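Coordinates from entry.csv are shown below (CSV, C-alpha atoms).
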```csv
chain,number,residue,atom,x,y,z
A,892,MET,CA,0.0,0.0,0.0
A,893,SER,CA,1.5,3.3,-1.1
A,894,ASP,CA,2.2,6.0,1.6
A,895,GLU,CA,2.2,8.8,-0.9
A,896,PRO,CA,-0.3,11.6,0.1
A,897,ILE,CA,-3.4,11.9,-2.0
A,898,PRO,CA,-3.1,15.1,-4.0
A,899,GLU,CA,-5.7,17.8,-3.2
A,900,PRO,CA,-8.2,18.6,-5.9
A,901,VAL,CA,-7.5,21.8,-7.9
A,902,THR,CA,-10.3,24.3,-8.1
A,903,VAL,CA,-10.1,27.1,-10.6
A,904,VAL,CA,-11.9,30.3,-9.6
A,905,GLY,CA,-12.5,32.8,-12.4
A,906,LEU,CA,-12.8,36.5,-11.8
A,907,LEU,CA,-14.6,38.2,-14.7
A,908,ALA,CA,-14.7,42.0,-14.4
A,909,ASP,CA,-16.0,44.9,-16.3
A,910,PRO,CA,-13.3,47.5,-17.2
A,911,ASN,CA,-12.3,50.4,-15.0
A,912,LEU,CA,-12.6,50.0,-11.2
A,913,PRO,CA,-14.0,46.4,-11.2
A,914,GLY,CA,-11.1,45.3,-13.4
A,915,GLU,CA,-8.6,47.0,-11.1
A,916,LEU,CA,-10.1,45.4,-8.0
A,917,ALA,CA,-10.1,41.9,-9.7
A,918,THR,CA,-6.5,42.3,-10.6
A,919,ARG,CA,-5.5,43.3,-7.1
A,920,LEU,CA,-7.7,40.7,-5.5
A,921,ALA,CA,-6.3,37.8,-7.6
A,922,GLU,CA,-2.8,38.2,-6.1
A,923,GLY,CA,-3.6,36.8,-2.7
A,924,LEU,CA,-7.0,35.2,-3.2
A,925,PRO,CA,-5.8,31.6,-3.3
A,926,GLN,CA,-4.2,32.0,0.2
A,927,VAL,CA,-7.4,33.7,1.5
A,928,LEU,CA,-9.6,31.0,0.1
A,929,GLY,CA,-7.4,28.3,1.7
A,930,ALA,CA,-7.5,30.0,5.0
A,931,ARG,CA,-11.2,30.9,5.1
A,932,LEU,CA,-12.9,27.9,3.5
A,933,ASP,CA,-12.9,24.6,5.3
A,934,THR,CA,-12.0,22.3,2.4
A,935,PRO,CA,-8.8,20.5,1.3
A,936,ARG,CA,-8.3,22.1,-2.1
A,937,THR,CA,-5.6,23.7,-4.1
A,938,TRP,CA,-6.9,27.1,-5.4
A,939,GLN,CA,-6.1,28.7,-8.7
A,940,VAL,CA,-7.4,32.1,-9.7
A,941,GLU,CA,-7.7,33.4,-13.2
A,942,THR,CA,-8.7,37.0,-14.1
A,943,VAL,CA,-10.3,38.3,-17.2
A,944,VAL,CA,-11.1,42.0,-17.7
A,945,GLU,CA,-13.6,42.6,-20.4
A,946,PRO,CA,-17.2,43.9,-20.7
A,947,PHE,CA,-19.6,41.0,-20.1
A,948,GLU,CA,-22.5,43.4,-19.2
A,949,ALA,CA,-23.5,44.4,-22.7
A,950,ASN,CA,-27.0,44.7,-23.9
A,951,ASP,CA,-29.5,45.1,-21.1
A,952,ARG,CA,-28.1,47.5,-18.5
A,953,GLY,CA,-27.7,44.9,-15.8
A,954,GLU,CA,-31.2,43.4,-15.7
A,955,ARG,CA,-29.9,40.0,-16.8
A,956,ALA,CA,-26.3,40.3,-15.7
A,957,LEU,CA,-26.3,36.7,-14.5
A,958,ASP,CA,-27.3,35.5,-18.0
A,959,ARG,CA,-24.6,37.5,-19.6
A,960,ALA,CA,-22.0,36.1,-17.1
A,961,ARG,CA,-23.2,32.6,-17.8
A,962,GLU,CA,-22.7,33.0,-21.5
A,963,ARG,CA,-19.2,34.3,-21.0
A,964,VAL,CA,-17.9,31.8,-18.5
A,965,ARG,CA,-19.2,28.7,-20.4
A,966,ARG,CA,-16.2,29.2,-22.7
A,967,THR,CA,-13.7,28.8,-19.8
A,968,ARG,CA,-12.4,26.0,-17.8
A,969,TRP,CA,-13.4,27.6,-14.5
A,970,ASP,CA,-15.0,25.6,-11.7
A,971,VAL,CA,-16.6,28.6,-10.2
A,972,ALA,CA,-16.9,32.2,-11.5
A,973,VAL,CA,-17.5,35.5,-9.7
A,974,CYS,CA,-18.1,38.5,-11.9
A,975,LEU,CA,-17.6,42.1,-10.8
A,976,THR,CA,-19.6,44.9,-12.4
A,977,ASP,CA,-20.0,48.6,-11.5
A,978,VAL,CA,-23.6,48.6,-12.7
A,979,PRO,CA,-26.0,49.3,-9.7
A,980,ALA,CA,-29.2,47.4,-9.5
A,981,LYS,CA,-32.3,47.2,-7.2
A,982,SER,CA,-34.8,44.5,-6.4
A,983,SER,CA,-38.1,45.7,-4.9
A,984,GLY,CA,-36.5,49.0,-4.1
A,985,VAL,CA,-33.6,47.4,-2.2
A,986,PRO,CA,-30.0,47.5,-3.5
A,987,VAL,CA,-28.8,44.3,-5.0
A,988,VAL,CA,-25.4,43.1,-3.7
A,989,ALA,CA,-25.1,39.9,-5.8
A,990,GLN,CA,-27.0,37.6,-8.1
A,991,VAL,CA,-26.2,33.9,-7.7
A,992,GLY,CA,-26.7,31.0,-10.1
A,993,GLU,CA,-26.2,27.9,-8.1
A,994,GLN,CA,-26.4,25.4,-10.9
A,995,ASP,CA,-23.9,27.1,-13.2
A,996,ARG,CA,-21.7,28.1,-10.2
A,997,VAL,CA,-21.8,31.8,-11.3
A,998,ALA,CA,-22.3,34.9,-9.3
A,999,VAL,CA,-22.4,38.6,-10.2
A,1000,VAL,CA,-21.4,41.2,-7.6
A,1001,SER,CA,-22.5,44.8,-7.9
A,1002,VAL,CA,-19.5,46.7,-6.6
A,1003,PRO,CA,-21.4,50.0,-5.8
A,1004,ALA,CA,-23.7,48.1,-3.4
A,1005,LEU,CA,-20.6,47.4,-1.2
A,1006,GLY,CA,-20.2,51.1,-0.3
A,1007,GLY,CA,-17.6,53.7,-0.8
A,1008,VAL,CA,-14.9,52.8,1.8
A,1009,ARG,CA,-12.7,49.8,2.4
A,1010,LEU,CA,-13.8,48.5,-1.0
A,1011,LEU,CA,-11.1,45.9,-1.6
A,1012,PRO,CA,-11.6,44.1,1.7
A,1013,ARG,CA,-15.4,44.1,1.1
A,1014,VAL,CA,-15.0,42.8,-2.4
A,1015,ARG,CA,-12.6,40.1,-1.1
A,1016,ASP,CA,-15.1,39.0,1.6
A,1017,ALA,CA,-18.0,39.0,-0.9
A,1018,VAL,CA,-16.0,36.8,-3.3
A,1019,VAL,CA,-14.9,34.4,-0.7
A,1020,ASP,CA,-18.5,34.1,0.7
A,1021,LEU,CA,-19.8,33.5,-2.8
A,1022,VAL,CA,-17.2,30.9,-3.8
A,1023,GLY,CA,-18.1,29.0,-0.6
A,1024,ARG,CA,-21.8,29.3,-1.3
A,1025,LEU,CA,-21.4,28.1,-4.9
A,1026,LEU,CA,-19.2,25.1,-3.9
A,1027,GLY,CA,-21.3,24.3,-0.8
A,1028,VAL,CA,-18.3,24.8,1.4
A,1029,GLU,CA,-18.6,26.1,5.0
A,1030,ALA,CA,-16.3,28.8,6.3
A,1031,ALA,CA,-13.4,27.6,8.4
A,1032,ALA,CA,-13.9,28.0,12.2
A,1033,ALA,CA,-11.1,30.6,12.4
A,1034,ALA,CA,-12.9,32.7,9.7
A,1035,ARG,CA,-16.3,32.8,11.4
A,1036,ARG,CA,-16.2,36.3,12.8
A,1037,PRO,CA,-19.5,38.2,13.3
A,1038,THR,CA,-18.2,41.4,11.7
A,1039,ARG,CA,-20.3,43.7,9.5
A,1040,ARG,CA,-18.1,43.0,6.5
A,1041,ALA,CA,-18.3,39.2,7.0
A,1042,ALA,CA,-22.1,39.5,7.4
A,1043,LEU,CA,-22.4,41.4,4.1
A,1044,LEU,CA,-23.9,38.5,2.1
A,1045,HIS,CA,-25.4,36.5,5.0
A,1046,GLU,CA,-28.8,38.1,4.8
A,1047,PRO,CA,-31.6,35.9,3.3
A,1048,GLY,CA,-31.7,35.9,-0.4
A,1049,VAL,CA,-34.7,36.5,-2.6
A,1050,GLN,CA,-35.5,33.8,-5.1
A,1051,ALA,CA,-35.8,35.2,-8.6
A,1052,GLU,CA,-38.2,34.1,-11.3
A,1053,ASP,CA,-35.5,31.7,-12.5
A,1054,SER,CA,-35.6,29.0,-9.9
A,1055,ASP,CA,-31.8,28.7,-10.1
A,1056,GLU,CA,-31.2,32.4,-9.4
A,1057,THR,CA,-31.0,34.0,-6.0
A,1058,VAL,CA,-30.7,37.7,-5.5
A,1059,LEU,CA,-28.8,38.9,-2.4
A,1060,THR,CA,-29.9,42.3,-1.3
A,1061,ARG,CA,-28.8,44.7,1.5
A,1062,ARG,CA,-30.7,47.8,2.7
A,1063,GLY,CA,-28.9,51.1,2.4
A,1064,THR,CA,-29.5,53.4,-0.5
A,1065,LEU,CA,-27.0,55.9,0.9
A,1066,ARG,CA,-24.3,53.1,0.9
A,1067,LEU,CA,-25.2,52.4,-2.7
A,1068,LEU,CA,-24.9,56.0,-3.7
A,1069,ALA,CA,-21.6,56.3,-1.9
A,1070,GLY,CA,-20.4,53.2,-3.8
A,1071,MET,CA,-21.5,54.7,-7.1
A,1072,VAL,CA,-19.5,57.9,-6.5
A,1073,ARG,CA,-16.5,55.8,-5.4
A,1074,THR,CA,-16.8,53.7,-8.5
A,1075,ASN,CA,-16.9,56.7,-10.7
A,1076,ARG,CA,-13.7,58.1,-9.0
A,1077,PRO,CA,-14.6,61.8,-9.2
A,1078,TRP,CA,-10.9,62.9,-8.7
A,1079,ARG,CA,-10.3,61.8,-12.3
A,1080,LEU,CA,-12.6,64.6,-13.4
A,1081,THR,CA,-10.5,67.1,-11.4
A,1082,VAL,CA,-7.3,66.0,-13.0
A,1083,GLY,CA,-8.7,65.8,-16.5
A,1084,LEU,CA,-10.2,69.3,-16.6
A,1085,GLY,CA,-7.3,71.1,-18.4
A,1086,ALA,CA,-9.4,73.7,-20.3
A,1087,ALA,CA,-11.5,74.4,-17.2
A,1088,LEU,CA,-8.4,74.9,-15.2
A,1089,ALA,CA,-7.1,77.5,-17.7
A,1090,GLY,CA,-10.4,79.3,-17.5
A,1091,SER,CA,-10.4,79.2,-13.7
A,1092,ALA,CA,-6.9,80.6,-13.5
A,1093,ALA,CA,-7.9,83.5,-15.7
A,1094,GLY,CA,-11.1,84.2,-13.7
A,1095,SER,CA,-9.3,83.9,-10.4
A,1096,ALA,CA,-6.4,86.2,-11.5
A,1097,PHE,CA,-9.0,88.9,-12.4
A,1098,GLY,CA,-10.5,88.6,-8.9
A,1099,LEU,CA,-7.1,88.7,-7.2
A,1100,LEU,CA,-5.7,91.7,-9.2
A,1101,TYR,CA,-8.7,94.0,-9.5
A,1102,SER,CA,-8.8,96.2,-6.4
A,1103,ASN,CA,-12.5,97.1,-6.8
A,1104,LEU,CA,-13.3,93.5,-6.3
A,1105,TRP,CA,-11.4,93.5,-3.0
A,1106,GLN,CA,-13.7,96.2,-1.7
A,1107,LEU,CA,-16.8,94.2,-2.9
A,1108,ALA,CA,-15.5,91.0,-1.3
A,1109,THR,CA,-14.8,92.7,2.1
A,1110,ASN,CA,-18.3,94.2,2.1
A,1111,LEU,CA,-20.2,91.0,1.4
A,1112,ASP,CA,-21.8,89.1,4.3
A,1113,GLY,CA,-20.3,85.7,4.9
A,1114,TRP,CA,-23.6,83.9,4.0
A,1115,ARG,CA,-23.6,85.6,0.7
A,1116,LEU,CA,-20.1,84.4,-0.2
A,1117,ALA,CA,-21.0,80.9,1.0
A,1118,LEU,CA,-24.1,80.8,-1.1
A,1119,ALA,CA,-22.3,82.2,-4.1
A,1120,PHE,CA,-19.6,79.5,-3.6
A,1121,VAL,CA,-22.1,76.7,-3.6
A,1122,GLY,CA,-24.0,78.3,-6.5
A,1123,SER,CA,-20.8,78.4,-8.6
A,1124,ILE,CA,-20.3,74.6,-8.0
A,1125,ALA,CA,-24.0,74.0,-9.0
A,1126,ILE,CA,-23.4,76.1,-12.2
A,1127,PHE,CA,-20.3,74.0,-13.0
A,1128,VAL,CA,-22.2,70.7,-12.5
A,1129,ALA,CA,-25.1,71.8,-14.6
A,1130,TRP,CA,-22.8,73.1,-17.4
A,1131,LEU,CA,-21.0,69.7,-17.5
A,1132,ILE,CA,-24.2,67.7,-17.6
A,1133,ALA,CA,-25.8,69.9,-20.4
A,1134,GLY,CA,-22.6,70.5,-22.4
A,1135,HIS,CA,-21.6,66.8,-22.5
A,1136,ARG,CA,-25.1,65.3,-22.6
A,1137,LEU,CA,-24.7,63.2,-19.5
A,1138,TRP,CA,-28.4,63.1,-18.5
A,1139,GLU,CA,-30.0,59.6,-19.0
A,1140,ARG,CA,-33.6,59.5,-20.1
A,1141,GLY,CA,-36.0,57.6,-22.3
A,1142,SER,CA,-35.0,54.1,-21.3
A,1143,PRO,CA,-37.4,51.3,-20.5
A,1144,GLU,CA,-36.3,51.5,-16.9
A,1145,PRO,CA,-37.0,55.0,-15.5
A,1146,ASP,CA,-36.1,54.0,-12.0
A,1147,LEU,CA,-32.6,52.9,-13.1
A,1148,ASP,CA,-32.3,56.1,-15.1
A,1149,ARG,CA,-33.0,58.1,-12.0
A,1150,LEU,CA,-30.5,56.2,-10.0
A,1151,LEU,CA,-27.8,56.6,-12.6
A,1152,ASN,CA,-28.5,60.3,-13.0
A,1153,LEU,CA,-28.3,60.8,-9.2
A,1154,GLY,CA,-25.0,59.0,-9.2
A,1155,THR,CA,-23.7,61.2,-12.0
A,1156,VAL,CA,-24.8,64.4,-10.2
A,1157,LEU,CA,-23.2,63.3,-7.0
A,1158,THR,CA,-20.0,62.3,-8.8
A,1159,LEU,CA,-19.8,65.6,-10.6
A,1160,THR,CA,-20.5,67.6,-7.4
A,1161,ALA,CA,-17.7,65.7,-5.6
A,1162,GLY,CA,-15.4,66.2,-8.6
A,1163,THR,CA,-16.1,70.0,-9.0
A,1164,GLY,CA,-16.0,70.4,-5.2
A,1165,LEU,CA,-12.5,69.0,-5.2
A,1166,PHE,CA,-11.6,71.2,-8.1
A,1167,SER,CA,-12.9,74.2,-6.3
A,1168,LEU,CA,-11.1,73.4,-3.1
A,1169,ALA,CA,-7.8,73.0,-5.0
A,1170,LEU,CA,-8.4,76.3,-6.7
A,1171,LEU,CA,-9.2,77.9,-3.3
A,1172,VAL,CA,-5.9,76.7,-1.8
A,1173,LEU,CA,-4.0,77.9,-4.9
A,1174,ASN,CA,-5.6,81.3,-4.7
A,1175,SER,CA,-4.8,81.6,-1.0
A,1176,VAL,CA,-1.1,81.1,-1.8
A,1177,VAL,CA,-1.2,83.6,-4.7
A,1178,ALA,CA,-3.0,86.2,-2.6
A,1179,ALA,CA,-0.6,85.9,0.3
A,1180,VAL,CA,2.3,86.4,-2.2
A,1181,ILE,CA,1.1,89.2,-4.4
A,1182,ILE,CA,-1.2,91.3,-2.2
A,1183,PRO,CA,0.9,93.2,0.4
A,1184,ALA,CA,-1.0,94.0,3.6
A,1185,SER,CA,0.0,97.6,3.5
A,1186,TYR,CA,-1.4,98.1,0.0
A,1187,LEU,CA,-4.6,96.3,0.9
A,1188,THR,CA,-4.9,98.5,4.0
A,1189,ARG,CA,-4.7,101.6,1.7
A,1190,VAL,CA,-7.3,100.3,-0.7
A,1191,LEU,CA,-9.8,99.3,2.0
A,1192,GLY,CA,-9.2,102.4,4.2
A,1193,TYR,CA,-8.8,100.4,7.4
A,1194,PRO,CA,-6.2,97.9,8.8
A,1195,ALA,CA,-6.5,94.7,6.7
A,1196,GLY,CA,-6.6,91.4,8.5
A,1197,PRO,CA,-6.8,87.7,7.7
A,1198,ALA,CA,-10.6,87.8,7.4
A,1199,ASP,CA,-10.2,90.3,4.5
A,1200,TYR,CA,-7.8,88.0,2.7
A,1201,VAL,CA,-10.2,85.1,3.1
A,1202,ARG,CA,-13.1,87.0,1.6
A,1203,ILE,CA,-11.0,88.2,-1.4
A,1204,VAL,CA,-9.8,84.6,-2.0
A,1205,VAL,CA,-13.3,83.2,-1.8
A,1206,LEU,CA,-14.7,85.7,-4.3
A,1207,ALA,CA,-11.8,85.2,-6.6
A,1208,THR,CA,-12.4,81.4,-6.4
A,1209,ILE,CA,-16.1,81.9,-7.2
A,1210,MET,CA,-15.1,83.8,-10.3
A,1211,GLY,CA,-12.6,81.2,-11.2
A,1212,VAL,CA,-15.1,78.3,-10.8
A,1213,VAL,CA,-17.7,80.1,-13.0
A,1214,ALA,CA,-15.0,80.8,-15.6
A,1215,GLY,CA,-13.9,77.1,-15.4
A,1216,ALA,CA,-17.5,76.0,-16.0
A,1217,VAL,CA,-17.4,78.0,-19.3
A,1218,GLY,CA,-14.0,76.5,-20.1
A,1219,SER,CA,-15.3,73.0,-19.5
A,1220,GLY,CA,-17.3,73.2,-22.7
A,1221,LEU,CA,-14.0,72.9,-24.5
A,1222,GLU,CA,-13.1,69.7,-22.8
A,1223,ASP,CA,-12.9,66.4,-24.7
A,1224,ASP,CA,-16.2,64.6,-24.2
A,1225,ALA,CA,-14.5,61.4,-23.3
A,1226,THR,CA,-12.7,63.0,-20.3
A,1227,VAL,CA,-16.0,64.1,-18.7
A,1228,ARG,CA,-18.1,61.2,-19.7
A,1229,GLN,CA,-15.9,58.6,-18.1
A,1230,VAL,CA,-17.5,59.6,-14.7
A,1231,ALA,CA,-21.0,59.0,-16.1
A,1232,TYR,CA,-22.6,55.5,-15.8
A,1233,GLY,CA,-24.7,55.9,-19.0
A,1234,HIS,CA,-21.6,56.6,-21.1
A,1235,ARG,CA,-19.7,53.7,-19.7
A,1236,GLN,CA,-22.6,51.4,-20.3
A,1237,ARG,CA,-22.9,52.4,-24.0
A,1238,GLU,CA,-19.1,52.1,-24.3
A,1239,ARG,CA,-19.2,48.5,-22.9
A,1240,ARG,CA,-22.1,47.6,-25.2
A,1241,GLN,CA,-20.1,48.7,-28.3
A,1242,LEU,CA,-17.0,46.8,-27.1
A,1243,ALA,CA,-18.9,43.7,-26.3
A,1244,ALA,CA,-20.6,43.8,-29.7
A,1245,GLN,CA,-17.2,44.0,-31.3
A,1246,LEU,CA,-15.9,41.0,-29.3
A,1247,GLU,CA,-19.0,38.9,-30.2
A,1248,THR,CA,-18.5,39.8,-33.9
A,1249,ARG,CA,-14.9,38.6,-33.8
A,1250,GLU,CA,-15.8,35.4,-32.1
A,1251,GLU,CA,-18.5,34.6,-34.7
```
Produce structure tokens that represent the structure in this file.
Amino acid sequence: MSDEPIPEPVTVVGLLADPNLPGELATRLAEGLPQVLGARLDTPRTWQVETVVEPFEANDRGERALDRARERVRRTRWDVAVCLTDVPAKSSGVPVVAQVGEQDRVAVVSVPALGGVRLLPRVRDAVVDLVGRLLGVEAAAAARRPTRRAALLHEPGVQAEDSDETVLTRRGTLRLLAGMVRTNRPWRLTVGLGAALAGSAAGSAFGLLYSNLWQLATNLDGWRLALAFVGSIAIFVAWLIAGHRLWERGSPEPDLDRLLNLGTVLTLTAGTGLFSLALLVLNSVVAAVIIPASYLTRVLGYPAGPADYVRIVVLATIMGVVAGAVGSGLEDDATVRQVAYGHRQRERRQLAAQLETREE
């Protein structure tokens, strides 16, 4: 009788991810996922992880994401597949975290439903839980921790019309919206607005160099300046949406359109807010360098203090943001539309159609 140890079965886990953030998360996750699966799932297996980044969510805006994933993974040698998408979805008004097909051992995770913070650990926990669920493997004793992250997918699922499909939901629309903004990565908008930055610099320079505006700024009430600052951001957001046609409408799913539009508005607000704060800091430095306190005192007719500088800088920033909104009309559409869900969906459909045509 041979004393050689029986080799452990090899299980191949496939990660299929949409481009952009889901693809980046899948790539980062794959590096240590075999070790995590071995530690957290109570089964003697050797784990292999393969990652494919391509649009599998192509034609129907996420309504049948699981069917699209099934079609894609049937051409692989994977034993189990977990697909990551940045498309949000709801079931009976509750955010969908995952759709699970037990028979085909396929699951689709909606990354935005996991929230806007600690995204990689949450995705890792979701993937491990789903792999265990699809393979019928219990969590190892050392991994059974009653944490909020670990309990993310442990709520009862809702059986879909397809008897093999289970929809896992989790209440928290605010968490979903935070995840949508995080998935859109609004800081990319701030970095990409080159023409808007040029317009903002010109508008701010006028506000910082024109002494009559100093007098106006120092005579405005604080609430007026604050309201004007918020209003300038609102103008910027509205200009971006109108100028680059980011508003979704006319689809068969108005509820999804509203959700996507709200996510786009929040993303643009966050991006332009970061843009405005960066401009505010830059203007503060410029004002401190080029406006001597003695000269400002002569213009204002009383001893100038820090509060006067703050008011001048805020007014100059407001002028810069409005000028930047005008300049944003010169931006390349692709730069701005990358933070809008509707555009990325259309882009994925086109790419997926090209891939299908090549395969045929």
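Straight-line separation from CA of Ser982 in chain A to CA of Arg1062 in chain A: 10.5 Å.
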Item to check | Contacts of range 997-1010 of chain A at 7 Å (only C-alpha atoms; same-chain gap of 6+ positions) as number ranges by chain | outcome: A: 956-957, 961, 971-979, 986-991, 1066-1067, 1069-1071, 1073-1074
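CA of Val1205 in chain A lies 26.1 Å from CA of Ala1133 in chain A.
Of the residues under consideration (A:Val1121, A:Arg1015, A:Asp1148, A:Leu1157), A:Leu1157 shows the shortest atom-to-atom contact distance to Leu1065 in chain A when counting all atoms listed in the file.
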Item to check | Selection: 8 Å around range 1194-1196 of chain A, all atoms listed in the file, excl. self and same-chain fewer than 4 positions, as a list in words | outcome: Ala1184, Ser1185, Leu1187, Thr1188 and Tyr1200 of chain A
Keeping only C-alpha atoms, write the selected residues as a PDB file, keeping the file's coordinate frame.
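Output file again.pdb is given in full below:
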```pdb
ATOM      1  CA  ALA A1184      -1.000  94.000   3.600  1.00  0.00           C
ATOM      2  CA  SER A1185       0.000  97.600   3.500  1.00  0.00           C
ATOM      3  CA  LEU A1187      -4.600  96.300   0.900  1.00  0.00           C
ATOM      4  CA  THR A1188      -4.900  98.500   4.000  1.00  0.00           C
ATOM      5  CA  TYR A1200      -7.800  88.000   2.700  1.00  0.00           C
TER       6      TYR A1200
END
```
Checklist outcome for this item: Here CA of Val1128 in chain A and CA of Ala1096 in chain A stand apart by 22.2 Å
Would you kindly return, as a JSON list (two decimals) with C-alpha atoms, in the coordinates of the input, each protein, DNA or RNA residue with an atom no farther than 9 Å from any atom of Ala1207 in chain A, considering only C-alpha atoms and excluding same-chain residues fewer than 6 positions away?
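Contents of the output file result08.json:
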```
[["chain", "number", "residue", "atom", "x", "y", "z"],
["A", 1094, "GLY", "CA", -11.10, 84.20, -13.70],
["A", 1095, "SER", "CA", -9.30, 83.90, -10.40],
["A", 1096, "ALA", "CA", -6.40, 86.20, -11.50],
["A", 1097, "PHE", "CA", -9.00, 88.90, -12.40],
["A", 1098, "GLY", "CA", -10.50, 88.60, -8.90],
["A", 1099, "LEU", "CA", -7.10, 88.70, -7.20],
["A", 1104, "LEU", "CA", -13.30, 93.50, -6.30],
["A", 1108, "ALA", "CA", -15.50, 91.00, -1.30],
["A", 1171, "LEU", "CA", -9.20, 77.90, -3.30],
["A", 1174, "ASN", "CA", -5.60, 81.30, -4.70]]
```
Final N, CA, C and O atoms of range 980-992 of chain A as a PDB file, keeping the file's coordinate frame:
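Final output, saved to out26.pdb:
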```pdb
ATOM      1  N   ALA A 980     -27.929  48.017  -9.193  1.00  0.00           N
ATOM      2  CA  ALA A 980     -29.200  47.400  -9.500  1.00  0.00           C
ATOM      3  C   ALA A 980     -30.031  47.365  -8.176  1.00  0.00           C
ATOM      4  O   ALA A 980     -29.488  47.434  -7.064  1.00  0.00           O
ATOM      5  N   LYS A 981     -31.354  47.306  -8.339  1.00  0.00           N
ATOM      6  CA  LYS A 981     -32.300  47.200  -7.200  1.00  0.00           C
ATOM      7  C   LYS A 981     -33.273  46.114  -7.452  1.00  0.00           C
ATOM      8  O   LYS A 981     -33.635  45.820  -8.588  1.00  0.00           O
ATOM      9  N   SER A 982     -33.733  45.513  -6.346  1.00  0.00           N
ATOM     10  CA  SER A 982     -34.800  44.500  -6.400  1.00  0.00           C
ATOM     11  C   SER A 982     -35.839  44.908  -5.362  1.00  0.00           C
ATOM     12  O   SER A 982     -35.531  44.971  -4.166  1.00  0.00           O
ATOM     13  N   SER A 983     -37.043  45.216  -5.818  1.00  0.00           N
ATOM     14  CA  SER A 983     -38.100  45.700  -4.900  1.00  0.00           C
ATOM     15  C   SER A 983     -37.682  46.911  -4.135  1.00  0.00           C
ATOM     16  O   SER A 983     -38.004  47.053  -2.949  1.00  0.00           O
ATOM     17  N   GLY A 984     -36.905  47.779  -4.783  1.00  0.00           N
ATOM     18  CA  GLY A 984     -36.500  49.000  -4.100  1.00  0.00           C
ATOM     19  C   GLY A 984     -35.270  48.879  -3.239  1.00  0.00           C
ATOM     20  O   GLY A 984     -34.831  49.866  -2.643  1.00  0.00           O
ATOM     21  N   VAL A 985     -34.699  47.674  -3.108  1.00  0.00           N
ATOM     22  CA  VAL A 985     -33.600  47.400  -2.200  1.00  0.00           C
ATOM     23  C   VAL A 985     -32.324  47.151  -3.070  1.00  0.00           C
ATOM     24  O   VAL A 985     -32.406  46.387  -4.043  1.00  0.00           O
ATOM     25  N   PRO A 986     -31.168  47.765  -2.743  1.00  0.00           N
ATOM     26  CA  PRO A 986     -30.000  47.500  -3.500  1.00  0.00           C
ATOM     27  C   PRO A 986     -29.570  46.059  -3.602  1.00  0.00           C
ATOM     28  O   PRO A 986     -29.607  45.341  -2.605  1.00  0.00           O
ATOM     29  N   VAL A 987     -29.208  45.627  -4.802  1.00  0.00           N
ATOM     30  CA  VAL A 987     -28.800  44.300  -5.000  1.00  0.00           C
ATOM     31  C   VAL A 987     -27.248  44.184  -4.840  1.00  0.00           C
ATOM     32  O   VAL A 987     -26.504  44.918  -5.490  1.00  0.00           O
ATOM     33  N   VAL A 988     -26.796  43.318  -3.956  1.00  0.00           N
ATOM     34  CA  VAL A 988     -25.400  43.100  -3.700  1.00  0.00           C
ATOM     35  C   VAL A 988     -24.839  42.065  -4.716  1.00  0.00           C
ATOM     36  O   VAL A 988     -23.768  42.223  -5.290  1.00  0.00           O
ATOM     37  N   ALA A 989     -25.595  40.992  -4.904  1.00  0.00           N
ATOM     38  CA  ALA A 989     -25.100  39.900  -5.800  1.00  0.00           C
ATOM     39  C   ALA A 989     -26.290  39.132  -6.340  1.00  0.00           C
ATOM     40  O   ALA A 989     -27.361  39.057  -5.733  1.00  0.00           O
ATOM     41  N   GLN A 990     -26.070  38.566  -7.517  1.00  0.00           N
ATOM     42  CA  GLN A 990     -27.000  37.600  -8.100  1.00  0.00           C
ATOM     43  C   GLN A 990     -26.230  36.279  -8.235  1.00  0.00           C
ATOM     44  O   GLN A 990     -25.088  36.249  -8.699  1.00  0.00           O
ATOM     45  N   VAL A 991     -26.875  35.198  -7.812  1.00  0.00           N
ATOM     46  CA  VAL A 991     -26.200  33.900  -7.700  1.00  0.00           C
ATOM     47  C   VAL A 991     -26.924  32.861  -8.517  1.00  0.00           C
ATOM     48  O   VAL A 991     -28.146  32.692  -8.388  1.00  0.00           O
ATOM     49  N   GLY A 992     -26.189  32.176  -9.379  1.00  0.00           N
ATOM     50  CA  GLY A 992     -26.700  31.000 -10.100  1.00  0.00           C
ATOM     51  C   GLY A 992     -26.067  29.765  -9.597  1.00  0.00           C
ATOM     52  O   GLY A 992     -24.918  29.467  -9.945  1.00  0.00           O
TER      53      GLY A 992
END
```
